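S.K.: Here it is, the structure in full.
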Amino acid sequence: MEIKTYKKVAIALIILGLISFYLSYTYNSCIVASIAKSLPKWRRDSVVINENIHLHYSTSVRVVPLLDGNESFASPKYRFFREQGLRPVRQLPNALIVGVKKGGTRALLEFIRVHPDVRAAGNEIHFFDKYYSKGFEWYRQTMPPTLEGQLTIEKTPSYFVTKEAPRRIHLMNPSTKLLVVVRDPVTRAISDYTQAISKKPDMKKFEALSFINSSMRMKEVDTSWGPVKLGLYARYLLRWLKYFPLSQFLFVSGERLVVDPAMELKRVQDFLGLKRVVTEKHFYFNSTKGFPCLFKSEGRGSPKCLGKTKGRNHPYIDPGVLQKLRDFYRPFNNRFYQMTGINFGWS
Ligand SMILES: Nc1ncnc2c1ncn2[C@@H]1O[C@H](COP(=O)(O)OS(=O)(=O)O)[C@@H](OP(=O)(O)O)[C@H]1O
C-alpha cells in the first residue's frame, strides 16, 4: 500500500516538473522573440555601382525565431546559433573554385563542404561567364544560406579561362579567395575529350583532333582545340594576376587530390582560414571506383563517392601522341611552375 502511494507521489512530481519546464521554456522563448523585435532591421540594401551590378552587403545578424530545420547546420556551434534564433542568410561567395575544367573541381568542392564552416552552391552557377548580366543580387540568391562565421563557396571551372572573370570577380570583392585545381595538361585534355565523346560518340579520335590538319606528320599541336588550349595554364593565370596577387590563390594539385585528399584539404583549410576539421578520417579508398570517397558528406551520414561522370575510363591514346603533347606543354608548364612557385611534377 505504502509503495503505491510513493509511486503516485513520484508520478505527480514528474508531471509537475514537466509542466514547470514547459512554462519556463515558453517564457524564455517569448523573451528571445521580443529581443528580436527590438533589434535593428537586418540590412539588405543593394547598391548599384555600374554595369547593372548589384552589390549586397550585410553587417549584422537578424535575431528571429528559427524557421527551418536545415540539418546541415548540425555542428554544435551552429546548433547553438540556431537555438539562439539566428537565421541563416544568403551571402555572395568569399571563395571560388575557378578551375580548371576536369582538374578535380567537383571532388574539391564536395570534400571542403564537409567542413561545418563552409556552405557551397551545389551546381555550377556560371555567373561570371554566362549570367553576369543578371546582376549580383541574382547571384547572391543562388547561394546557400549561411550563419555568421560560415564561408560561402562556389565552383565553376570555366571561370579560369573566361577573359572577363578576373575583373568581374575583383569588382564583386577584391579579397575573394581563389582556388585553382590543376592537373597534368595532357591527362586533363584526355579527360576533357572523354567527356566530349561521351556526349558526341561520332567525334574524331583524340590523336586526330590534337594536331593541325589532323596530320601527324606536321607535328603541330592544334592550340585552337579546346582540350589542348585549356591546358596552357600560364597564359590564363597571367590575366588573373593583373587583378589579384598570387597570395590570393591556392593551387591545388589534382593528382594529389586523388592520392592524398587529406593532405590537399589541409592546405585548403589553412588557406581559407578554417580549422583543420576535414582530415584523413573523412576519406576511404573505394577500390571499385578507384578513387577516394567520403565516409560522410554534407547533410548525409552514409558514404559517398562522386558520380559516374567523375573518374571515367580514358580511351587508349597513341604513346607517340602523348609524348608530343608532353613536349609541347613542357615550356608552358615550366612557366606555370615559375609563376606559382610550385613544381607540380608533370613530365
Ligand atoms: N575522389 C574523386 N572521385 C572521382 N573523380 C575524382 C576524384 N578526385 C579527383 N577526381 C577527378 O576529377 C575529374 C573531374 O574533374 P572536375 O570535377 O573538375 O570536372 S568538371 O570540369 O567539373 O567536369 C575526374 O576526371 P576523369 O578521371 O577524367 O573522369 C577525376 O579524375
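Here, A, B, ... name the chains of the C-alpha cells in the order displayed, residue numbers run from 1 inside each chain, and ligands are numbered from 1 in the same displayed order.
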What does the list of residues within 9 Å of ligand 1 look like if you count only C-alpha atoms and all ligand atoms, written as a VMD selection string?

M.R.: chain A and resid 99 to 111 124 155 to 158 181 to 182 187 to 195 254 to 259 261 285 289 to 294 305 to 314

S.K.: Write the residues of the preceding selection, restricted to C-alpha atoms, as an mmCIF file, in the first residue's frame.

M.R.:
```
data_model
loop_
_atom_site.group_PDB
_atom_site.id
_atom_site.type_symbol
_atom_site.label_atom_id
_atom_site.label_comp_id
_atom_site.auth_asym_id
_atom_site.auth_seq_id
_atom_site.Cartn_x
_atom_site.Cartn_y
_atom_site.Cartn_z
ATOM 1 C CA GLY A 99 39.091 25.963 -62.402
ATOM 2 C CA VAL A 100 40.386 24.134 -64.135
ATOM 3 C CA LYS A 101 37.908 22.115 -66.115
ATOM 4 C CA LYS A 102 38.475 18.384 -65.426
ATOM 5 C CA GLY A 103 41.043 19.237 -62.788
ATOM 6 C CA GLY A 104 39.116 17.689 -59.902
ATOM 7 C CA THR A 105 36.973 20.706 -59.019
ATOM 8 C CA ARG A 106 33.916 18.651 -58.022
ATOM 9 C CA ALA A 107 35.994 16.496 -55.704
ATOM 10 C CA LEU A 108 37.436 19.576 -54.026
ATOM 11 C CA LEU A 109 34.025 21.175 -53.579
ATOM 12 C CA GLU A 110 32.450 18.011 -52.157
ATOM 13 C CA PHE A 111 35.375 17.493 -49.798
ATOM 14 C CA GLU A 124 27.934 25.377 -61.174
ATOM 15 C CA LYS A 155 32.726 26.311 -58.193
ATOM 16 C CA THR A 156 32.545 26.966 -61.904
ATOM 17 C CA PRO A 157 35.657 25.679 -63.691
ATOM 18 C CA SER A 158 35.125 27.786 -66.815
ATOM 19 C CA VAL A 181 42.722 22.728 -59.128
ATOM 20 C CA VAL A 182 45.317 21.915 -61.751
ATOM 21 C CA THR A 187 45.621 13.909 -68.880
ATOM 22 C CA ARG A 188 43.348 16.906 -68.460
ATOM 23 C CA ALA A 189 42.995 17.118 -72.274
ATOM 24 C CA ILE A 190 42.181 13.396 -72.481
ATOM 25 C CA SER A 191 39.668 13.738 -69.670
ATOM 26 C CA ASP A 192 38.045 16.663 -71.472
ATOM 27 C CA TYR A 193 37.919 14.639 -74.697
ATOM 28 C CA THR A 194 36.473 11.617 -72.861
ATOM 29 C CA GLN A 195 33.640 13.798 -71.616
ATOM 30 C CA GLY A 254 44.538 17.439 -58.988
ATOM 31 C CA GLU A 255 46.869 14.433 -58.790
ATOM 32 C CA ARG A 256 47.398 14.767 -55.032
ATOM 33 C CA LEU A 257 43.682 15.253 -54.525
ATOM 34 C CA VAL A 258 43.297 11.685 -55.775
ATOM 35 C CA VAL A 259 46.207 10.048 -53.954
ATOM 36 C CA PRO A 261 42.960 14.115 -50.411
ATOM 37 C CA PHE A 285 39.605 4.478 -50.897
ATOM 38 C CA LYS A 289 35.576 3.289 -58.171
ATOM 39 C CA GLY A 290 39.341 3.588 -57.949
ATOM 40 C CA PHE A 291 39.081 6.922 -56.167
ATOM 41 C CA PRO A 292 38.837 8.295 -52.658
ATOM 42 C CA CYS A 293 35.297 8.728 -51.380
ATOM 43 C CA LEU A 294 33.783 10.344 -48.313
ATOM 44 C CA CYS A 305 31.631 8.688 -53.931
ATOM 45 C CA LEU A 306 31.429 11.184 -56.773
ATOM 46 C CA GLY A 307 29.052 10.359 -59.617
ATOM 47 C CA LYS A 308 29.649 8.219 -62.708
ATOM 48 C CA THR A 309 30.883 11.163 -64.787
ATOM 49 C CA LYS A 310 33.831 11.592 -62.416
ATOM 50 C CA GLY A 311 36.594 9.080 -62.768
ATOM 51 C CA ARG A 312 35.743 7.785 -66.227
ATOM 52 C CA ASN A 313 37.917 5.312 -68.095
ATOM 53 C CA HIS A 314 40.024 7.147 -70.651
#
```

S.K.: Give the answer as one residue: which of A:Ser210, A:Gln269, A:Thr279, A:Ser247 has the shortest atom-to-atom distance to Leu322 of chain A, using only C-alpha atoms?

M.R.: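 Checking each of A:Ser210, A:Gln269, A:Thr279, A:Ser247 against Leu322 of chain A, counting only C-alpha atoms, the winner is A:Ser210.
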
S.K.: With only C-alpha atoms as the basis for distance, which of A:Val186, A:Ala196, A:Gly149, A:Ala12 is at the shortest distance from Pro319 of chain A?

M.R.: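 Selected residue with least distance to Pro319 of chain A: A:Val186.
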
S.K.: What does the distance between atom CA of Phe283 of chain A and atom CA of Pro315 of chain A come to in Å, to one decimal place?

M.R.: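 Here the two named atoms are 28.0 Å from each other.
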
S.K.: Would you list the contacts of Pro166 of chain A as a PyMOL selection string, taking every protein, DNA or RNA residue within 10 Å and counting only C-alpha atoms, but skipping same-chain residues closer than 6 positions in sequence?

M.R.: chain A and resi 98+128+159-160+172+174+237+239-244

S.K.: Measuring between only C-alpha atoms, which one of A:Ile317, A:Leu13, A:Ala121, A:Leu265 shows the shortest distance to Phe206 of chain A?

M.R.: A:Ile317

S.K.: Which of these, A:Asn173, A:Ser347, A:Ser302, A:Thr340, has the shortest distance to Gln323 of chain A once you count only C-alpha atoms?

M.R.: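 Ranked by minimum distance to Gln323 of chain A, first place goes to A:Ser347.
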
S.K.: Name the residues of segment 84-307 of chain A that come out as alpha helix (DSSP H) in a backbone DSSP run; write them as a PyMOL selection string.

M.R.: chain A and resi 105-112+136-141+165-172+185-199+206-209+226-229+233-240+254-259+261-271

S.K.: From the set A:Pro145, A:Pro227, A:Gly85, A:Pro201, which residue has the shortest atom-to-atom contact distance to Pro185 of chain A, counting only C-alpha atoms?

M.R.: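 Looking only at the distances to Pro185 of chain A, the closest residue turns out to be A:Pro227.
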
S.K.: Find the residue from A:Phe80, A:Tyr131, A:Tyr139, A:Tyr337 that sits nearest to Leu92 of chain A; use only C-alpha atoms when measuring.

M.R.: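 Comparing A:Phe80, A:Tyr131, A:Tyr139, A:Tyr337 against Leu92 of chain A, the winner is A:Tyr139.
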
S.K.: How many Å lie between atom CA of Arg168 of chain A and atom CA of His115 of chain A, rounded to one decimal?

M.R.: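 Atom CA of Arg168 of chain A sits 27.6 Å away from atom CA of His115 of chain A.
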
S.K.: So how many Å separate atom CA of Ser175 of chain A and atom CA of Asn123 of chain A, to one decimal?

M.R.: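 The value is 22.9 Å.
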
S.K.: Which of segment 176-344 of chain A end up as strand (DSSP E or B) when DSSP is run on this backbone - answer as an NGL selection string?

M.R.: :A and (177-182 or 211 or 221 or 249-253 or 283-286 or 291-294 or 297 or 300 or 304)

S.K.: So that I can check the surroundings of Val89 of chain A, please list as JSON, numbers by chain every protein, DNA and RNA residue that reaches within 8 Å of it, counting only C-alpha atoms and ignoring chain neighbours fewer than 5 positions away.

M.R.: {"A": [144, 145, 146, 147]}
